[in-house]
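**Student:** If it helps, the file is called target-v2.txt and holds compact mmCIF, C-alpha atoms:
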```txt
# COMPACT_ATOMS: atom_id res chain seq x y z
CA MET T 1021 -13.84 4.87 -5.93
CA ARG T 1022 -10.22 3.79 -6.45
CA ARG T 1023 -9.90 2.68 -2.83
CA ALA T 1024 -13.13 0.70 -3.10
CA LEU T 1025 -11.90 -1.13 -6.22
CA LEU T 1026 -8.56 -1.88 -4.59
CA ALA T 1027 -10.27 -3.14 -1.41
CA LEU T 1028 -12.56 -5.35 -3.51
CA ALA T 1029 -9.63 -6.79 -5.47
CA ILE T 1030 -7.91 -7.76 -2.21
CA ALA T 1031 -10.97 -8.82 -0.19
CA ALA T 1032 -12.76 -10.95 -2.80
CA PRO T 1033 -10.32 -13.88 -2.88
CA LEU T 1034 -9.90 -13.85 0.89
CA ALA T 1035 -13.66 -13.86 1.41
CA GLY T 1036 -13.96 -16.67 -1.12
CA CYS T 1037 -11.69 -18.84 1.02
CA ALA T 1038 -13.39 -17.97 4.30
CA LEU T 1039 -16.94 -18.40 3.02
CA ASP T 1040 -16.32 -21.54 0.97
CA GLN T 1041 -19.04 -24.02 1.96
CA HIS T 1042 -16.98 -26.94 0.64
CA ARG T 1043 -13.88 -26.22 2.68
CA PHE T 1044 -10.67 -27.39 1.06
CA GLU T 1045 -12.51 -28.94 -1.88
CA ARG T 1046 -12.10 -25.92 -4.14
CA PRO T 1047 -8.51 -25.61 -5.31
CA ALA T 1048 -6.59 -22.50 -4.29
CA ARG T 1049 -3.17 -21.50 -5.54
CA LEU T 1050 -0.49 -18.92 -4.96
CA ARG T 1051 1.82 -17.92 -7.80
CA VAL T 1052 4.91 -15.81 -7.11
CA GLY T 1053 7.29 -14.69 -9.83
CA ALA T 1054 9.27 -12.13 -11.79
CA THR T 1055 7.75 -10.13 -14.62
CA SER T 1056 9.08 -7.83 -17.33
CA HIS T 1057 6.92 -5.09 -18.84
CA ALA T 1058 7.34 -2.95 -21.94
CA LEU T 1059 5.18 0.14 -21.53
CA ALA T 1060 4.34 2.57 -24.33
CA THR T 1061 2.95 5.96 -23.35
CA ASP T 1062 2.10 8.90 -25.58
CA THR T 1063 3.89 12.16 -24.78
CA PRO T 1064 3.79 15.50 -26.62
CA GLY T 1065 6.61 15.94 -29.11
CA ALA T 1066 9.07 18.75 -28.49
CA VAL T 1067 8.61 21.60 -30.98
CA ALA T 1068 10.32 25.00 -30.75
CA ARG T 1069 8.25 26.82 -33.42
CA SER T 1070 5.78 25.34 -35.79
CA THR T 1071 2.67 26.29 -37.73
CA THR T 1072 1.42 22.69 -37.58
CA PRO T 1073 -0.05 21.11 -34.46
CA THR T 1074 2.34 19.26 -32.19
CA THR T 1075 2.47 15.52 -32.66
CA THR T 1076 2.63 12.81 -30.08
CA GLU T 1077 5.42 10.33 -30.00
CA SER T 1078 5.47 7.00 -28.29
CA LEU T 1079 7.81 6.87 -25.32
CA ALA T 1080 8.82 3.37 -24.35
CA ARG T 1081 9.65 2.36 -20.78
CA ASN T 1082 10.64 -1.00 -19.42
CA ALA T 1083 9.82 -2.30 -15.96
CA ARG T 1084 10.94 -5.24 -13.84
CA THR T 1085 8.52 -6.37 -11.15
CA MET T 1086 7.78 -9.11 -8.66
CA SER T 1087 4.20 -10.32 -8.53
CA ALA T 1088 2.02 -12.46 -6.27
CA GLN T 1089 -1.29 -13.88 -7.49
CA PHE T 1090 -3.83 -15.75 -5.35
CA THR T 1091 -6.75 -17.47 -7.11
CA MET T 1092 -9.43 -20.03 -6.33
CA ALA T 1093 -10.95 -22.31 -8.93
CA THR T 1094 -14.25 -24.10 -9.34
CA ARG T 1095 -14.22 -27.72 -8.19
CA ASP T 1096 -13.58 -28.99 -11.70
CA GLU T 1097 -10.79 -26.37 -12.02
CA THR T 1098 -12.14 -24.95 -15.30
CA PHE T 1099 -12.77 -21.39 -14.09
CA PHE T 1100 -10.78 -19.36 -11.57
CA ALA T 1101 -10.81 -15.88 -10.02
CA GLY T 1102 -8.73 -13.96 -7.52
CA GLY T 1103 -6.33 -11.06 -7.14
CA GLU T 1104 -2.78 -10.05 -7.96
CA VAL T 1105 -0.36 -7.42 -6.69
CA GLU T 1106 2.96 -6.42 -8.19
CA ALA T 1107 5.72 -3.94 -7.48
CA GLY T 1108 9.00 -3.06 -9.11
CA VAL T 1109 11.06 -0.41 -10.87
CA LEU T 1110 11.18 1.26 -14.27
CA ASP T 1111 14.40 1.44 -16.27
CA THR T 1112 15.11 5.00 -15.06
CA GLU T 1113 16.46 6.18 -11.72
CA ARG T 1114 14.05 7.22 -8.94
CA SER T 1115 11.12 5.37 -10.47
CA ASN T 1116 8.70 2.64 -9.43
CA PHE T 1117 5.86 0.51 -10.70
CA ALA T 1118 2.91 -0.86 -8.71
CA GLY T 1119 -0.31 -2.63 -9.56
CA ALA T 1120 -3.35 -4.31 -8.00
CA TYR T 1121 -5.60 -6.39 -10.26
CA GLY T 1122 -8.61 -8.62 -10.17
CA ILE T 1123 -8.09 -11.87 -12.10
CA ALA T 1124 -10.63 -14.08 -13.90
CA GLY T 1125 -9.83 -16.92 -16.27
CA VAL T 1126 -10.35 -20.35 -17.76
CA GLN T 1127 -7.92 -23.26 -17.95
CA LEU T 1128 -7.40 -26.82 -19.07
CA VAL T 1129 -5.84 -29.09 -16.45
CA GLY T 1130 -3.81 -32.11 -17.49
CA ARG T 1131 -1.53 -34.61 -15.84
CA VAL T 1132 1.59 -32.53 -16.47
CA GLY T 1133 0.20 -29.05 -15.79
CA THR T 1134 -2.24 -26.42 -17.03
CA VAL T 1135 -2.80 -24.11 -19.99
CA GLY T 1136 -5.14 -21.16 -19.67
CA ALA T 1137 -6.25 -17.64 -20.49
CA GLU T 1138 -7.05 -14.91 -18.00
CA LEU T 1139 -8.00 -11.25 -17.83
CA ALA T 1140 -6.29 -8.95 -15.33
CA THR T 1141 -8.11 -5.67 -14.65
CA GLY T 1142 -7.30 -3.01 -12.12
CA TRP T 1143 -5.03 -0.15 -11.11
CA ARG T 1144 -1.47 0.46 -12.30
CA GLY T 1145 0.66 3.27 -10.93
CA LEU T 1146 3.95 4.53 -12.34
CA ARG T 1147 6.27 7.06 -10.75
CA ASP T 1148 9.05 8.36 -12.93
CA ASP T 1149 11.31 11.06 -11.49
CA GLY T 1150 8.50 12.46 -9.33
CA ASP T 1151 5.74 12.32 -11.97
CA ASP T 1152 2.84 9.99 -11.09
CA VAL T 1153 0.79 8.25 -13.77
CA ASN T 1154 -2.19 6.27 -12.44
CA SER T 1155 -4.33 4.27 -14.82
CA TYR T 1156 -6.87 1.49 -14.92
CA ILE T 1157 -5.94 -1.34 -17.26
CA ALA T 1158 -7.33 -4.48 -18.82
CA GLU T 1159 -4.72 -7.06 -19.78
CA PRO T 1160 -5.58 -10.37 -21.46
CA ARG T 1161 -2.94 -13.04 -20.75
CA LEU T 1162 -2.01 -16.59 -21.69
CA ARG T 1163 -0.54 -18.85 -19.03
CA ALA T 1164 1.08 -22.31 -19.02
CA GLU T 1165 2.59 -24.26 -16.16
CA LEU T 1166 4.32 -27.61 -15.69
CA ARG T 1167 4.01 -29.73 -12.58
CA PHE T 1168 7.32 -30.79 -11.03
CA ALA T 1169 5.95 -32.07 -7.69
CA PRO T 1170 2.42 -33.07 -6.58
CA GLN T 1171 1.49 -29.52 -5.52
CA TRP T 1172 4.21 -27.40 -7.17
CA THR T 1173 4.39 -25.92 -10.68
CA LEU T 1174 6.75 -23.78 -12.73
CA GLY T 1175 5.04 -21.53 -15.25
CA ALA T 1176 5.20 -18.72 -17.77
CA VAL T 1177 2.74 -15.94 -18.56
CA GLY T 1178 2.47 -13.38 -21.36
CA GLY T 1179 -0.02 -10.69 -22.29
CA ALA T 1180 -0.65 -7.23 -23.70
CA THR T 1181 -2.38 -4.17 -22.24
CA MET T 1182 -5.53 -3.26 -24.15
CA GLY T 1183 -5.53 0.27 -25.58
CA GLU T 1184 -1.76 0.73 -25.29
CA ARG T 1185 -0.11 -0.13 -28.59
CA GLY T 1186 3.30 -1.66 -27.94
CA SER T 1187 2.69 -2.49 -24.26
CA TRP T 1188 3.23 -6.11 -23.30
CA MET T 1189 4.30 -8.24 -20.34
CA GLY T 1190 5.93 -11.60 -19.80
CA GLY T 1191 7.15 -13.51 -16.79
CA ILE T 1192 7.96 -16.74 -15.02
CA TYR T 1193 6.63 -17.94 -11.69
CA LEU T 1194 6.54 -20.67 -9.09
CA GLY T 1195 3.09 -21.95 -8.10
CA VAL T 1196 1.92 -23.80 -5.02
CA HIS T 1197 -1.52 -25.50 -5.15
CA SER T 1198 -3.80 -26.52 -2.29
CA ARG T 1199 -4.53 -29.86 -3.99
CA ALA T 1200 -2.20 -32.28 -5.72
CA PHE T 1201 -2.67 -32.83 -9.45
CA GLU T 1202 -4.63 -36.01 -10.17
```
Hey, can you dump this file as structure tokens for me?
**Tutor:**
Amino acid sequence: MRRALLALAIAAPLAGCALDQHRFERPARLRVGATSHALATDTPGAVARSTTPTTTESLARNARTMSAQFTMATRDETFFAGGEVEAGVLDTERSNFAGAYGIAGVQLVGRVGTVGAELATGWRGLRDDGDDVNSYIAEPRLRAELRFAPQWTLGAVGGATMGERGSWMGGIYLGVHSRAFE
């Protein structure tokens, strides 16, 4: 099941480009950037002897990643969908972070750039000193980008992982668009 979801997340945007009946009329874009994550995970508290049940404490981890997102929009550029991959390291030695997500969102396009909201859903894997933690996440995000050339933008993104209190992400990116802003 996991492999099928990952294959779908990667194949859907590529198939969208190849099967597009209005070739080159639908805008496509590639965004590449650096992201910082604050991850909160619950771990059992350390107790030597106790008559009360053990508690859980929140263990915070930070991650630095590089991400690449490819999306295609409707002709009027209001809705978009695609995929994203990211990889990086946690703040501890011998650790890594990886993710593959499907992306769907809405945006407002103006003369100077775009403002939008998106939902990233998919697989996130963490390896910390040999321990693997795989999870499926849903992460609502807000995104804004400024145009600095006809087909180039510089942007920022921020969001929080649903169901993980204290987990958030933020990043900056460079975007290249298949069509110039009008």
**Student:** List as number ranges by chain the protein and nucleic acid residues near range 1080-1087 of chain T, meaning an atom at most 9 Å away when all atoms listed in the file are counted, but skip any in the same chain fewer than 2 places from it.
**Tutor:** T: 1051-1062, 1078, 1089, 1104-1112, 1116-1119, 1186-1187, 1193
**Student:** Between CA of Ala1120 in chain T and CA of Thr1134 in chain T, what is the distance in Å, rounded to a tenth?
**Tutor:**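 Between CA of Ala1120 in chain T and CA of Thr1134 in chain T the gap works out to 23.9 Å.
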**Student:** Select, from T:Ser1115, T:Glu1159, T:Ile1123, T:Leu1166, the residue with the minimum atom-to-atom distance to Leu1146 in chain T, counting only C-alpha atoms.
**Tutor:**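 Selected residue with least distance to Leu1146 in chain T: T:Ser1115.
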**Student:** Nearest to Val1196 in chain T: which of T:Ala1048, T:Met1182, T:Val1135, T:Val1129 is it, counting all atoms listed in the file?
**Tutor:**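 Counting all atoms listed in the file, the residue closest to Val1196 in chain T is T:Ala1048.
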**Student:** Would you pick out the contacts of Gln1127 in chain T at 9 Å or less, using all atoms listed in the file, so that residues sharing its chain but fewer than 6 positions from it are not included, and give the list as JSON, numbers by chain?
**Tutor:** {"T": [1097, 1098, 1099, 1100, 1134, 1135, 1136, 1137, 1138, 1163]}
**Student:** Pick from T:Gly1103, T:Gly1178, T:Pro1170, T:Gly1183: nearest to Thr1141 in chain T, with all atoms listed in the file counted?
**Tutor:** T:Gly1103
